[in-house]
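Report on the structure given below.
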There are 2 protein chains.
Amino acid sequence: MASPTNVRDLPTPAVVIDVHALGANLATMAAARPGARLRPHVKAHKCTALARLQRAAGHTTFTCATPREAVAMAAAGLGDDLLLANEVLDPQRLAALAALDAPPDGVTIAVDSDATIAAAASAGIRRCLIDVDVGLPRCGCDPAAAGRLADVARSAGLDVRGVMGYEGHLMALEDRTKQAELVTEAMALLSAAHRDVGGDIVSAGGTGTFDLHDATGVTEVQAGSYALMDTAYARLGLPFAQAASVVGTVVAVRSGHAVADVGLKALGMDHGNPSIDGATVWFCSDEHLTFAAELGVPSVGERVRVLPAHIDPTMSMHEVAWLVDGDEVVDRWAIDMRGWG
Amino acid sequence: MASPTNVRDLPTPAVVIDVHALGANLATMAAARPGARLRPHVKAHKCTALARLQRAAGHTTFTCATPREAVAMAAAGLGDDLLLANEVLDPQRLAALAALDAPPDGVTIAVDSDATIAAAASAGIRRCLIDVDVGLPRCGCDPAAAGRLADVARSAGLDVRGVMGYEGHLMALEDRTKQAELVTEAMALLSAAHRDVGGDIVSAGGTGTFDLHDATGVTEVQAGSYALMDTAYARLGLPFAQAASVVGTVVAVRSGHAVADVGLKALGMDHGNPSIDGATVWFCSDEHLTFAAELGVPSVGERVRVLPAHIDPTMSMHEVAWLVDGDEVVDRWAIDMRGWG
């Protein structure tokens with residue numbers, strides 16, 4: 001089968017990425033946080049091809065959420081300085097990460113407890129960051145414990161490169177003045193922990209706070225969603241455009257509603273329903289989306305672009321993404337960092 | 001690496017299926033709706049290995065939601081009588097389905113419009129059901145149009161085997177008396193359409209209404225979730241046990257909460273948060289679940305069983321499922337019908 005050259009020929013549901021919107025997003029971020037001031041988070045897209053564009057935009061350090069992401073990044077030649085920003089206990093996965101490690105930086109892992117330090121050290125991991133709780137009730141140690149954990153990690157033979165602290169609870173605040181104030185407070189906790197820990201790195205942030213770290217002491221921001229965006233981040237008025245959508249085919253048209261073949265198995269649903277420009281989305285089923293078009297009635301066979309509410313889980317549901325310039329398909333990317341292995 | 005023999009050794013997040021609960025669910029359904037009175041829907045599990053057990057329980061006809069599911073079922077030798085219960089317009093996928101077709105039954109496709117009939121006929125599809133709207137605003141023609149569409153399909157050379165009508169809007173009603181009444185009303189629409197259409201098959205239903213079709217004229221029920229179940233269906237008091245969970249590793253324990261590595265990329269989230277017995281789930285992030293245990297504090301490294309709110313999209317996020325007998329791992333199944341291709 002010839003590779004599709006137009007959006008109307010793509011097998012659906014199909015993730016499509018607007019090459020101009022993506023390029024603009026990457027350029028905007030690279031201007032705001034050049035080089036190692038951004039450590040792009042690959043969990044948001046799970047595409048080594050997209051990570052390669054992020055490197056071309058000047059970023060050579062990357063953040064991963066899973067060991068599989070780190071393994072795939074290294075295999076793609078993008079493993080100069082990978083941070084696995086999650087705690088891992090699995091000895092086999094840690095050993096696989098240790099085996100990737102190339103001087104001078106290679107693989108660095110987040111640790112937040114004696115148990116995670118012991119697991120990393122005994123698997124041969126060489127570098128870590130102390131993960132500090134800055135207010136999101138998830139991983140991360142009590143800030144007051146960070147210094148002690150750094151000592152434990154150094155005693156276990158790990159190079160402690162610094163700290164990280166993800167202010168995820170502040171990522172979606174729509175009042176940006178209030179958000180800036182709370183980010184500064186959260187980062188004061190991280191800075192205090194950093195004084196106890198040492199090292200060169202203070203890693204934090206995300207797309208929703210990428211521009212609030214000029215005076216927080218943070219050396220690198222872990223943003224990922226900025227590249228493709230979604231309707232949840234779009235509400236924040238950030239300087240990034242929605243570059244990704246899921247194209248569906250209209251498979252049924254009834255009086256008052258139409259149905260496209262983009263269902264909840266093709267969309268991250270934790271942030272609610274997706275959107276369609278010029279239409280009201282009623283609900284998603286496994287393989288269907290029921291919507292009412294506001295202007296005109298669509299035809300069976302017509303294509304429709306569905307904007308995901310949450311990009312990260314949407315990407316992880318698809319095997320491929322199609323790069324498009326208008327309706328022309330210009331490339332096909334494997335979404336090659338999915339799953340856990 | 002040796003294959004894990006105990007749940008404590010599984011790489012997480014890991015879908016585990018309790019072999020006894022699954023066996024009981026299959027037996028209960030096979031007793032209630034033996035043989036072809038059930039056409040098990042494979043979209044709920046996407047495992048040909050599980051479909052093989054459904055065949056061993058006496059069901060030789062199956063329902064699929066995607067062309068890829070049908071192709072995988074046929075490749076696994078389970079393609080005697082496959083119903084693709086969705087409208088498809090893609091000529092290449094329709095041609096692939098037509099190529100699977102083996103007499104006497106092979107592949108039957110749902111159609112609900114002139115366009116879907118034309119697409120099926122021109123791709124060489126031989127059999128269809130007329131998909132009728134019985135109240136769920138999704139696909140399915142106006143019941144009054146079913147007879148005309150059957151004529152169109154027959155003129156196009158298709159064998160019209162009957163009708164289908166999915167009462168999805170009634171699937172989760174907790175008042176079963178009311179539910180039975182509404183199902184009967186919805187099926188009256190389907191029966192009327194069937195009189196206009198002809199054919200042997202009247203296909204409808206799902207796990208939530210499997211036992212309400214004794215007098216509705218329905219010849220086969222398309223239930224799928226009954227095999228593995230989820231917390232949404234568990235609320236209905238059906239005679240099926242929750243056989244599937246997603247096992248995670250506790251990666252962090254803080255004062256008041258703990259974190260497991262089962263996030264929203266490992267769980268269908270459209271029905272809300274998952275559950276953990278003896279704990280309160282606070283929220284899910286991409287790769288994390290934050291929860292508060294009610295009895296005792298878990299330890300870092302401990303395993304936790306997370307019950308998904310919606311099984312169908314949960315299965316589609318994982319590559320493998322592990323069959324367990326207690327904590328012993330007895331088999332590994334590929335979830336081999338994922339994606340769209």
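Ligands are numbered from 1 in the order shown, residues from 1 within each chain, and chains are lettered A, B, ... in the order they appear in the structure tokens.
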Sorted by chain and rising residue number, list the residues of chain B at most 7 Å from chain A (counting only C-alpha atoms), each with its closest atom pair and distance in Å to one decimal, as a Markdown table.
```
| residue | atom | partner | partner_atom | distance |
| --- | --- | --- | --- | --- |
| B:Glu87 | CA | A:Val251 | CA | 6.1 |
| B:Val88 | CA | A:Val251 | CA | 6.8 |
| B:Leu89 | CA | A:Gly301 | CA | 6.8 |
| B:Ala115 | CA | A:Val300 | CA | 6.8 |
| B:Arg138 | CA | A:Thr290 | CA | 6.0 |
| B:Cys139 | CA | A:Ala252 | CA | 5.7 |
| B:Val251 | CA | A:Glu87 | CA | 6.1 |
| B:Ala252 | CA | A:Cys139 | CA | 5.7 |
| B:Val259 | CA | A:Arg138 | CA | 6.1 |
| B:Lys265 | CA | A:Pro313 | CA | 5.4 |
| B:Met269 | CA | A:Asp270 | CA | 5.3 |
| B:Asp270 | CA | A:Met269 | CA | 5.3 |
| B:Thr290 | CA | A:Arg138 | CA | 6.0 |
| B:Val300 | CA | A:Ala115 | CA | 6.8 |
| B:Gly301 | CA | A:Leu89 | CA | 6.8 |
| B:Pro313 | CA | A:Lys265 | CA | 5.4 |
| B:Met317 | CA | A:Met317 | CA | 6.5 |
| B:His318 | CA | A:Gly339 | CA | 6.9 |
| B:Gly339 | CA | A:His318 | CA | 6.9 |
```
Could you turn the residues from that selection into a file that holds N, CA, C and O atoms, as a tab-separated table (two decimals), in the first residue's frame?
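Once everything was written out, this is out.tsv:
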```tsv
chain	number	residue	atom	x	y	z
B	87	GLU	N	-19.74	0.47	11.91
B	87	GLU	CA	-19.72	0.93	10.53
B	87	GLU	C	-18.27	1.22	10.12
B	87	GLU	O	-17.52	1.87	10.87
B	88	VAL	N	-17.89	0.75	8.93
B	88	VAL	CA	-16.53	0.97	8.43
B	88	VAL	C	-16.64	1.49	6.99
B	88	VAL	O	-17.42	0.98	6.20
B	89	LEU	N	-15.83	2.50	6.70
B	89	LEU	CA	-15.83	3.07	5.35
B	89	LEU	C	-14.49	2.88	4.63
B	89	LEU	O	-14.42	3.01	3.41
B	115	ALA	N	-24.29	4.90	2.32
B	115	ALA	CA	-22.84	5.02	2.14
B	115	ALA	C	-22.10	3.82	2.71
B	115	ALA	O	-21.15	3.31	2.10
B	138	ARG	N	-26.02	7.24	18.64
B	138	ARG	CA	-24.72	6.88	18.07
B	138	ARG	C	-25.01	6.41	16.66
B	138	ARG	O	-25.70	7.10	15.93
B	139	CYS	N	-24.45	5.27	16.24
B	139	CYS	CA	-24.77	4.76	14.92
B	139	CYS	C	-26.13	4.07	14.95
B	139	CYS	O	-26.79	4.01	15.98
B	251	VAL	N	5.89	2.77	45.16
B	251	VAL	CA	7.22	3.36	44.93
B	251	VAL	C	7.54	4.46	45.93
B	251	VAL	O	8.70	4.88	46.04
B	252	ALA	N	6.54	4.94	46.67
B	252	ALA	CA	6.80	5.97	47.68
B	252	ALA	C	5.74	5.87	48.77
B	252	ALA	O	4.58	5.58	48.49
B	259	VAL	N	2.20	5.95	47.00
B	259	VAL	CA	2.16	6.12	45.55
B	259	VAL	C	2.50	4.79	44.89
B	259	VAL	O	3.51	4.17	45.23
B	265	LYS	N	-2.06	6.28	32.30
B	265	LYS	CA	-1.72	5.64	31.02
B	265	LYS	C	-1.92	4.12	31.09
B	265	LYS	O	-1.76	3.44	30.09
B	269	MET	N	-9.82	5.82	32.06
B	269	MET	CA	-10.22	6.83	33.05
B	269	MET	C	-11.58	7.45	32.76
B	269	MET	O	-12.04	8.31	33.50
B	270	ASP	N	-12.24	7.04	31.68
B	270	ASP	CA	-13.50	7.71	31.32
B	270	ASP	C	-14.62	7.43	32.31
B	270	ASP	O	-15.59	8.18	32.37
B	290	THR	N	-1.90	8.05	43.52
B	290	THR	CA	-1.73	8.43	44.93
B	290	THR	C	-2.93	7.95	45.71
B	290	THR	O	-4.07	8.20	45.31
B	300	VAL	N	7.37	0.52	50.82
B	300	VAL	CA	7.95	0.70	49.49
B	300	VAL	C	8.34	-0.69	48.96
B	300	VAL	O	8.95	-1.48	49.67
B	301	GLY	N	7.92	-0.97	47.75
B	301	GLY	CA	8.21	-2.27	47.14
B	301	GLY	C	7.03	-3.22	47.20
B	301	GLY	O	6.98	-4.20	46.44
B	313	PRO	N	-11.02	0.01	27.85
B	313	PRO	CA	-9.83	0.82	27.52
B	313	PRO	C	-8.61	0.46	28.35
B	313	PRO	O	-7.48	0.65	27.89
B	317	MET	N	-4.61	-0.63	26.74
B	317	MET	CA	-3.39	0.11	27.05
B	317	MET	C	-2.20	-0.80	27.36
B	317	MET	O	-1.09	-0.30	27.53
B	318	HIS	N	-2.45	-2.10	27.48
B	318	HIS	CA	-1.40	-3.02	27.93
B	318	HIS	C	-1.04	-4.02	26.85
B	318	HIS	O	-1.90	-4.40	26.06
B	339	GLY	N	-5.10	-1.55	18.99
B	339	GLY	CA	-4.78	-0.60	17.93
B	339	GLY	C	-5.69	-0.73	16.73
B	339	GLY	O	-6.67	-1.48	16.73
```
Residues within 9 Å of Asp196 (chain A), only C-alpha atoms, excluding chain neighbours under 5 positions, as a PyMOL selection string: chain A and resi 144-148+150+191
Would you export the selected residues with N, CA, C and O atoms as a PDB file, in the first residue's frame, please?
```pdb
ATOM      1  N   ALA A 144      12.981  18.437  54.429  1.00  0.00           N
ATOM      2  CA  ALA A 144      13.939  18.370  55.542  1.00  0.00           C
ATOM      3  C   ALA A 144      14.778  17.096  55.509  1.00  0.00           C
ATOM      4  O   ALA A 144      15.824  17.017  56.156  1.00  0.00           O
ATOM      5  N   ALA A 145      14.319  16.087  54.771  1.00  0.00           N
ATOM      6  CA  ALA A 145      15.050  14.814  54.709  1.00  0.00           C
ATOM      7  C   ALA A 145      16.012  14.755  53.537  1.00  0.00           C
ATOM      8  O   ALA A 145      16.783  13.793  53.404  1.00  0.00           O
ATOM      9  N   ALA A 146      15.996  15.756  52.672  1.00  0.00           N
ATOM     10  CA  ALA A 146      16.764  15.673  51.421  1.00  0.00           C
ATOM     11  C   ALA A 146      18.268  15.561  51.671  1.00  0.00           C
ATOM     12  O   ALA A 146      18.962  14.763  51.014  1.00  0.00           O
ATOM     13  N   GLY A 147      18.771  16.337  52.617  1.00  0.00           N
ATOM     14  CA  GLY A 147      20.213  16.305  52.901  1.00  0.00           C
ATOM     15  C   GLY A 147      20.662  14.934  53.384  1.00  0.00           C
ATOM     16  O   GLY A 147      21.680  14.401  52.931  1.00  0.00           O
ATOM     17  N   ARG A 148      19.884  14.357  54.296  1.00  0.00           N
ATOM     18  CA  ARG A 148      20.231  13.028  54.800  1.00  0.00           C
ATOM     19  C   ARG A 148      20.224  12.006  53.666  1.00  0.00           C
ATOM     20  O   ARG A 148      21.141  11.187  53.546  1.00  0.00           O
ATOM     21  N   ALA A 150      20.726  12.532  50.517  1.00  0.00           N
ATOM     22  CA  ALA A 150      21.905  12.775  49.665  1.00  0.00           C
ATOM     23  C   ALA A 150      23.136  12.105  50.273  1.00  0.00           C
ATOM     24  O   ALA A 150      23.944  11.494  49.548  1.00  0.00           O
ATOM     25  N   SER A 191      14.757  24.998  46.910  1.00  0.00           N
ATOM     26  CA  SER A 191      16.055  25.655  47.093  1.00  0.00           C
ATOM     27  C   SER A 191      16.661  25.316  48.450  1.00  0.00           C
ATOM     28  O   SER A 191      17.875  25.085  48.564  1.00  0.00           O
TER      29      SER A 191
END
```
- request: Enumerate, as a ChimeraX atom specification, the complete set of residues in region 60-206 of chain B that a backbone-based DSSP assignment places in strand (DSSP E).
  value: /B:61-64,81-84,106-111,127-131,159-165,201-204
- request: Pull the alpha helix (DSSP H) assignments for region 55-238 of chain B out of DSSP run on the backbone, and list those residues as a ChimeraX atom specification.
  value: /B:55-56,67-75,91-100,114-122,146-155,176-197,231-234
task: Using only C-alpha atoms, determine which residues lie at most 7 Å from Leu158 (chain A), disregarding the query and same-chain residues fewer than 4 positions distant; provide the list as a list in words.
output: Ala121, Arg126, Arg127, Cys128, Ala153 and Arg154 of chain A
message: Report as an MDAnalysis selection string all protein, DNA and RNA residues lying within 12 Å of Arg52 (chain A), evaluated on only C-alpha atoms, omitting residues in the same chain fewer than 4 positions from it.
response: chainID A and resid 26 40 42 45:48 56:62 73:74 76:79 333
statement: In terms of only C-alpha atoms, the residue from A:Ala215, A:Val163, A:Val324, A:Leu94 at minimal distance from Gly198 (chain A) is A:Val163
message: To one decimal place in Å, what is the distance between CA of Asn6 (chain B) and CA of Gly224 (chain B)?
response: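 According to the coordinates, CA of Asn6 (chain B) and CA of Gly224 (chain B) are separated by 27.7 Å.
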task: Rounded to one decimal place, report the CA of Ala123 (chain A)-CA of Ala204 (chain A) distance in Å.
output: 25.8 Å
task: Would you kindly return, as a ChimeraX atom specification, each protein, DNA or RNA residue with an atom no farther than 9 Å from any atom of Ala24 (chain B), considering only C-alpha atoms and excluding same-chain residues fewer than 4 positions away?
output: /B:19-20,28-29,227,240-241
